[in-house]
Amino acid sequence: MNVTTTSPVDHSITNQSSLSETEWELMPEPDISELIIEDEQPVDNLISEKQQRLLTSSAYSSLNLEIPFLVTANVGLFYANKKPPLVPDVMLSLRVKCPEDWSQKKNRSYFTWNFGKAPEIAIEIVSNKVGNELGTKLEDYLDAGVGYYVIFDPLKYLTDNVLQVYKRQVISYQLQDNYWLEEVNLGLTLWSGEFEGQFYEQWLRWCDRSGNILLTGDEKFELEKQRAEAEKQRAEFEKQRADRLAQILREQGINPDTI
């Protein structure tokens, strides 16, 4: 998502991924009283809106981690140097918790100096040719310290590659030849299927190392429903089989209850 909001935050850190935990804690908290963190701009299109919800809902339903994590859609990522925030379509950050007091402005966006780290993953869903996802935006995510920068271009506005995954290599991003995000033990894959009544040939989905997609809550419910129905049919078949056998025994003068 594109934003034009300027930020009054004066922050001198430019290589945030190199900061230690102690350095994060010693950083002074900037004054954000005049900062615009919610511009009420709508999402780009229906594809983006549904795709964002698919990625966030499936992560919270199926991403079984022993550490806290945060997955957001269209939330401002504020990081440095009076720069406007980045607003990834989807963002994932490990070892952080969502702040409880949303009445405080500092708790309603992702300020790296408050969370103490940059997100591990930022995903941009391309909806036009003016977002500059392969230019300045890529450089901005690098500057923000984001570990993996993902460009999902379902309509091929930028290149013939629907999905591109970049991994941070200290001072630059390296385009991967696969969609596995080793540092977070999570993958991405293209999936053809139906989500919320909408069939699409190339939804972007999280997956495990074996390529199994992470299911949404609704998908889990439907899968369990199918399993229960299959078990019900199996039990009914076994009952009918037992009844037929009992009938045959009775016809032969044998009481099946005594066997």
# chains A, B, ... in the order shown; residues from 1 in each chain; ligands from 1
>>> select_by_dssp(residues="segment 1-232 of chain A", states="alpha helix (DSSP H)", output="MDAnalysis selection string")
chainID A and resid 21:26 46:62 112:115 136:144 217:232
>>> closest_atom_pairs(of="segment 99-143 of chain A", to="segment 64-73 of chain A", cutoff="10 Å", atoms="only C-alpha atoms", output="tab-separated table")
residue	atom	partner	partner_atom	distance
A:Ser109	CA	A:Thr72	CA	9.8
A:Tyr110	CA	A:Thr72	CA	9.4
A:Pro119	CA	A:Leu70	CA	8.9
A:Ile121	CA	A:Val71	CA	9.3
A:Ala122	CA	A:Thr72	CA	9.7
A:Ile123	CA	A:Ala73	CA	9.3
>>> write_last_selection(atoms="C-alpha atoms", output="PDB file, in the first residue's frame")
ATOM      1  CA  SER A 109       1.207   1.357  14.825  1.00  0.00           C
ATOM      2  CA  TYR A 110       4.451  -0.573  14.505  1.00  0.00           C
ATOM      3  CA  PRO A 119       9.551  -7.224  11.397  1.00  0.00           C
ATOM      4  CA  ILE A 121       8.547 -10.320   6.858  1.00  0.00           C
ATOM      5  CA  ALA A 122       6.889  -7.578   4.830  1.00  0.00           C
ATOM      6  CA  ILE A 123       4.613  -8.449   1.906  1.00  0.00           C
TER       7      ILE A 123
END
>>> closest_atom_pairs(of="segment 126-205 of chain A", to="segment 88-103 of chain A", cutoff="12 Å", atoms="only C-alpha atoms", output="JSON lines")
{"residue": "A:Val126", "atom": "CA", "partner": "A:Asp89", "partner_atom": "CA", "distance": 9.3}
{"residue": "A:Ser127", "atom": "CA", "partner": "A:Asp89", "partner_atom": "CA", "distance": 10.9}
{"residue": "A:Gly131", "atom": "CA", "partner": "A:Pro88", "partner_atom": "CA", "distance": 11.4}
{"residue": "A:Glu133", "atom": "CA", "partner": "A:Pro88", "partner_atom": "CA", "distance": 10.6}
{"residue": "A:Lys137", "atom": "CA", "partner": "A:Pro88", "partner_atom": "CA", "distance": 10.0}
{"residue": "A:Leu138", "atom": "CA", "partner": "A:Pro88", "partner_atom": "CA", "distance": 11.3}
{"residue": "A:Asp140", "atom": "CA", "partner": "A:Pro88", "partner_atom": "CA", "distance": 11.3}
{"residue": "A:Tyr141", "atom": "CA", "partner": "A:Pro88", "partner_atom": "CA", "distance": 9.4}
{"residue": "A:Ala144", "atom": "CA", "partner": "A:Pro88", "partner_atom": "CA", "distance": 12.0}
{"residue": "A:Gly145", "atom": "CA", "partner": "A:Ser93", "partner_atom": "CA", "distance": 11.7}
{"residue": "A:Val146", "atom": "CA", "partner": "A:Ser93", "partner_atom": "CA", "distance": 9.3}
{"residue": "A:Gly147", "atom": "CA", "partner": "A:Ser93", "partner_atom": "CA", "distance": 9.8}
{"residue": "A:Tyr148", "atom": "CA", "partner": "A:Leu92", "partner_atom": "CA", "distance": 9.8}
{"residue": "A:Tyr149", "atom": "CA", "partner": "A:Pro88", "partner_atom": "CA", "distance": 9.6}
{"residue": "A:Val150", "atom": "CA", "partner": "A:Val90", "partner_atom": "CA", "distance": 9.5}
{"residue": "A:Ile151", "atom": "CA", "partner": "A:Asp89", "partner_atom": "CA", "distance": 10.0}
{"residue": "A:Phe152", "atom": "CA", "partner": "A:Asp89", "partner_atom": "CA", "distance": 10.0}
{"residue": "A:Leu181", "atom": "CA", "partner": "A:Leu92", "partner_atom": "CA", "distance": 11.9}
{"residue": "A:Glu183", "atom": "CA", "partner": "A:Leu94", "partner_atom": "CA", "distance": 10.7}
{"residue": "A:Val184", "atom": "CA", "partner": "A:Leu94", "partner_atom": "CA", "distance": 8.2}
{"residue": "A:Asn185", "atom": "CA", "partner": "A:Leu94", "partner_atom": "CA", "distance": 11.3}
{"residue": "A:Leu186", "atom": "CA", "partner": "A:Leu92", "partner_atom": "CA", "distance": 11.0}
{"residue": "A:Leu204", "atom": "CA", "partner": "A:Val90", "partner_atom": "CA", "distance": 11.3}
{"residue": "A:Arg205", "atom": "CA", "partner": "A:Val90", "partner_atom": "CA", "distance": 11.8}
>>> write_last_selection(atoms="N, CA and C atoms", output="compact mmCIF listing (two decimals), in the first residue's frame")
# COMPACT_ATOMS: atom_id res chain seq x y z
N VAL A 126 1.03 -6.09 -5.28
CA VAL A 126 1.09 -5.09 -6.34
C VAL A 126 -0.30 -4.91 -6.96
N SER A 127 -0.76 -3.66 -7.02
CA SER A 127 -2.08 -3.38 -7.59
C SER A 127 -2.02 -2.37 -8.73
N GLY A 131 3.66 1.84 -7.60
CA GLY A 131 4.06 1.63 -6.21
C GLY A 131 5.56 1.56 -5.99
N GLU A 133 7.61 -0.92 -6.12
CA GLU A 133 7.99 -2.04 -5.24
C GLU A 133 9.39 -2.57 -5.52
N LYS A 137 10.92 1.49 -2.77
CA LYS A 137 10.27 0.77 -1.68
C LYS A 137 11.14 -0.40 -1.21
N LEU A 138 11.78 -1.08 -2.13
CA LEU A 138 12.70 -2.16 -1.76
C LEU A 138 13.83 -1.60 -0.90
N ASP A 140 13.72 1.08 0.94
CA ASP A 140 13.18 1.52 2.23
C ASP A 140 13.02 0.35 3.19
N TYR A 141 12.54 -0.78 2.69
CA TYR A 141 12.40 -1.95 3.56
C TYR A 141 13.77 -2.45 4.03
N ALA A 144 14.79 -0.22 6.73
CA ALA A 144 14.02 -0.47 7.95
C ALA A 144 14.47 -1.72 8.68
N GLY A 145 15.29 -2.55 8.04
CA GLY A 145 15.80 -3.74 8.68
C GLY A 145 14.93 -4.97 8.54
N VAL A 146 13.97 -4.95 7.61
CA VAL A 146 13.07 -6.09 7.42
C VAL A 146 13.84 -7.27 6.83
N GLY A 147 13.68 -8.45 7.43
CA GLY A 147 14.45 -9.61 7.01
C GLY A 147 14.11 -10.15 5.64
N TYR A 148 12.80 -10.28 5.37
CA TYR A 148 12.34 -10.79 4.07
C TYR A 148 11.35 -9.80 3.47
N TYR A 149 11.60 -9.44 2.25
CA TYR A 149 10.71 -8.54 1.51
C TYR A 149 10.09 -9.35 0.38
N VAL A 150 8.76 -9.44 0.39
CA VAL A 150 8.04 -10.29 -0.56
C VAL A 150 7.17 -9.42 -1.47
N ILE A 151 7.28 -9.65 -2.76
CA ILE A 151 6.45 -8.94 -3.74
C ILE A 151 5.52 -9.95 -4.40
N PHE A 152 4.22 -9.76 -4.18
CA PHE A 152 3.21 -10.62 -4.79
C PHE A 152 2.51 -9.80 -5.87
N LEU A 181 11.31 -19.30 3.69
CA LEU A 181 11.89 -18.26 4.52
C LEU A 181 12.57 -18.93 5.71
N GLU A 183 14.83 -18.27 7.94
CA GLU A 183 15.03 -17.63 9.24
C GLU A 183 13.79 -17.67 10.12
N VAL A 184 12.63 -17.84 9.52
CA VAL A 184 11.39 -17.90 10.30
C VAL A 184 10.72 -19.27 10.19
N ASN A 185 11.39 -20.20 9.51
CA ASN A 185 10.87 -21.57 9.37
C ASN A 185 9.45 -21.57 8.82
N LEU A 186 9.26 -20.82 7.76
CA LEU A 186 7.94 -20.66 7.16
C LEU A 186 8.11 -20.45 5.67
N LEU A 204 -2.02 -16.28 -2.47
CA LEU A 204 -0.75 -16.43 -1.77
C LEU A 204 -1.03 -17.02 -0.40
N ARG A 205 -0.36 -18.14 -0.08
CA ARG A 205 -0.60 -18.83 1.19
C ARG A 205 0.71 -19.09 1.92
>>> select_by_dssp(residues="segment 73-170 of chain A", states="strand (DSSP E or B)", output="VMD selection string")
chain A and resid 77 to 78 86 90 to 94 110 to 111 121 to 125 148 to 152 163 to 169
>>> atom_distance(atom1="atom CA of Ala228 of chain A", atom2="atom CA of Gln198 of chain A")
25.2 Å
>>> residues_around(residues="Thr159 of chain A", least_positions_apart="3", cutoff="12 Å", atoms="only C-alpha atoms", output="ChimeraX atom specification")
/A:126,128-129,133-134,151-156,162-164
>>> residues_around(residues="Gln202 of chain A", least_positions_apart="4", cutoff="8 Å", atoms="only C-alpha atoms", output="mmCIF file with N, CA and C atoms, in the first residue's frame")
data_model
loop_
_atom_site.group_PDB
_atom_site.id
_atom_site.type_symbol
_atom_site.label_atom_id
_atom_site.label_comp_id
_atom_site.auth_asym_id
_atom_site.auth_seq_id
_atom_site.Cartn_x
_atom_site.Cartn_y
_atom_site.Cartn_z
ATOM 1 N N PRO A 154 0.057 -10.601 -8.597
ATOM 2 C CA PRO A 154 -0.830 -11.570 -9.254
ATOM 3 C C PRO A 154 -1.242 -11.193 -10.667
ATOM 4 N N LEU A 190 1.826 -20.517 -3.966
ATOM 5 C CA LEU A 190 0.645 -20.097 -4.707
ATOM 6 C C LEU A 190 -0.355 -21.243 -4.687
ATOM 7 N N TRP A 191 -1.610 -20.904 -4.444
ATOM 8 C CA TRP A 191 -2.639 -21.922 -4.217
ATOM 9 C C TRP A 191 -3.887 -21.586 -5.009
ATOM 10 N N SER A 192 -4.437 -22.580 -5.662
ATOM 11 C CA SER A 192 -5.678 -22.418 -6.415
ATOM 12 C C SER A 192 -6.821 -22.986 -5.596
ATOM 13 N N GLY A 193 -7.813 -22.148 -5.297
ATOM 14 C CA GLY A 193 -8.923 -22.630 -4.491
ATOM 15 C C GLY A 193 -9.891 -21.519 -4.146
#
>>> atom_distance(atom1="atom CA of Thr216 of chain A", atom2="atom CA of Ser61 of chain A")
5.6 Å
>>> closest_residue(among="A:Asn178, A:Val130, A:Gln51, A:Lys117", to="Glu194 of chain A", atoms="only C-alpha atoms")
A:Gln51
>>> atom_distance(atom1="atom CA of Ile125 of chain A", atom2="atom CA of Gln104 of chain A")
29.4 Å
>>> closest_residue(among="A:Glu124, A:Pro256, A:Leu223, A:Thr56", to="Arg244 of chain A", atoms="only C-alpha atoms")
A:Pro256
>>> residues_around(residues="Ala246 of chain A", least_positions_apart="5", cutoff="10 Å", atoms="only C-alpha atoms", output="list in words")
Gln240, Arg241, Glu251, Gln252, Ile254, Asn255, Pro256 and Asp257 of chain A
>>> closest_residue(among="A:Leu142, A:Arg250, A:Thr258, A:Lys225", to="Ser172 of chain A", atoms="only C-alpha atoms")
A:Leu142
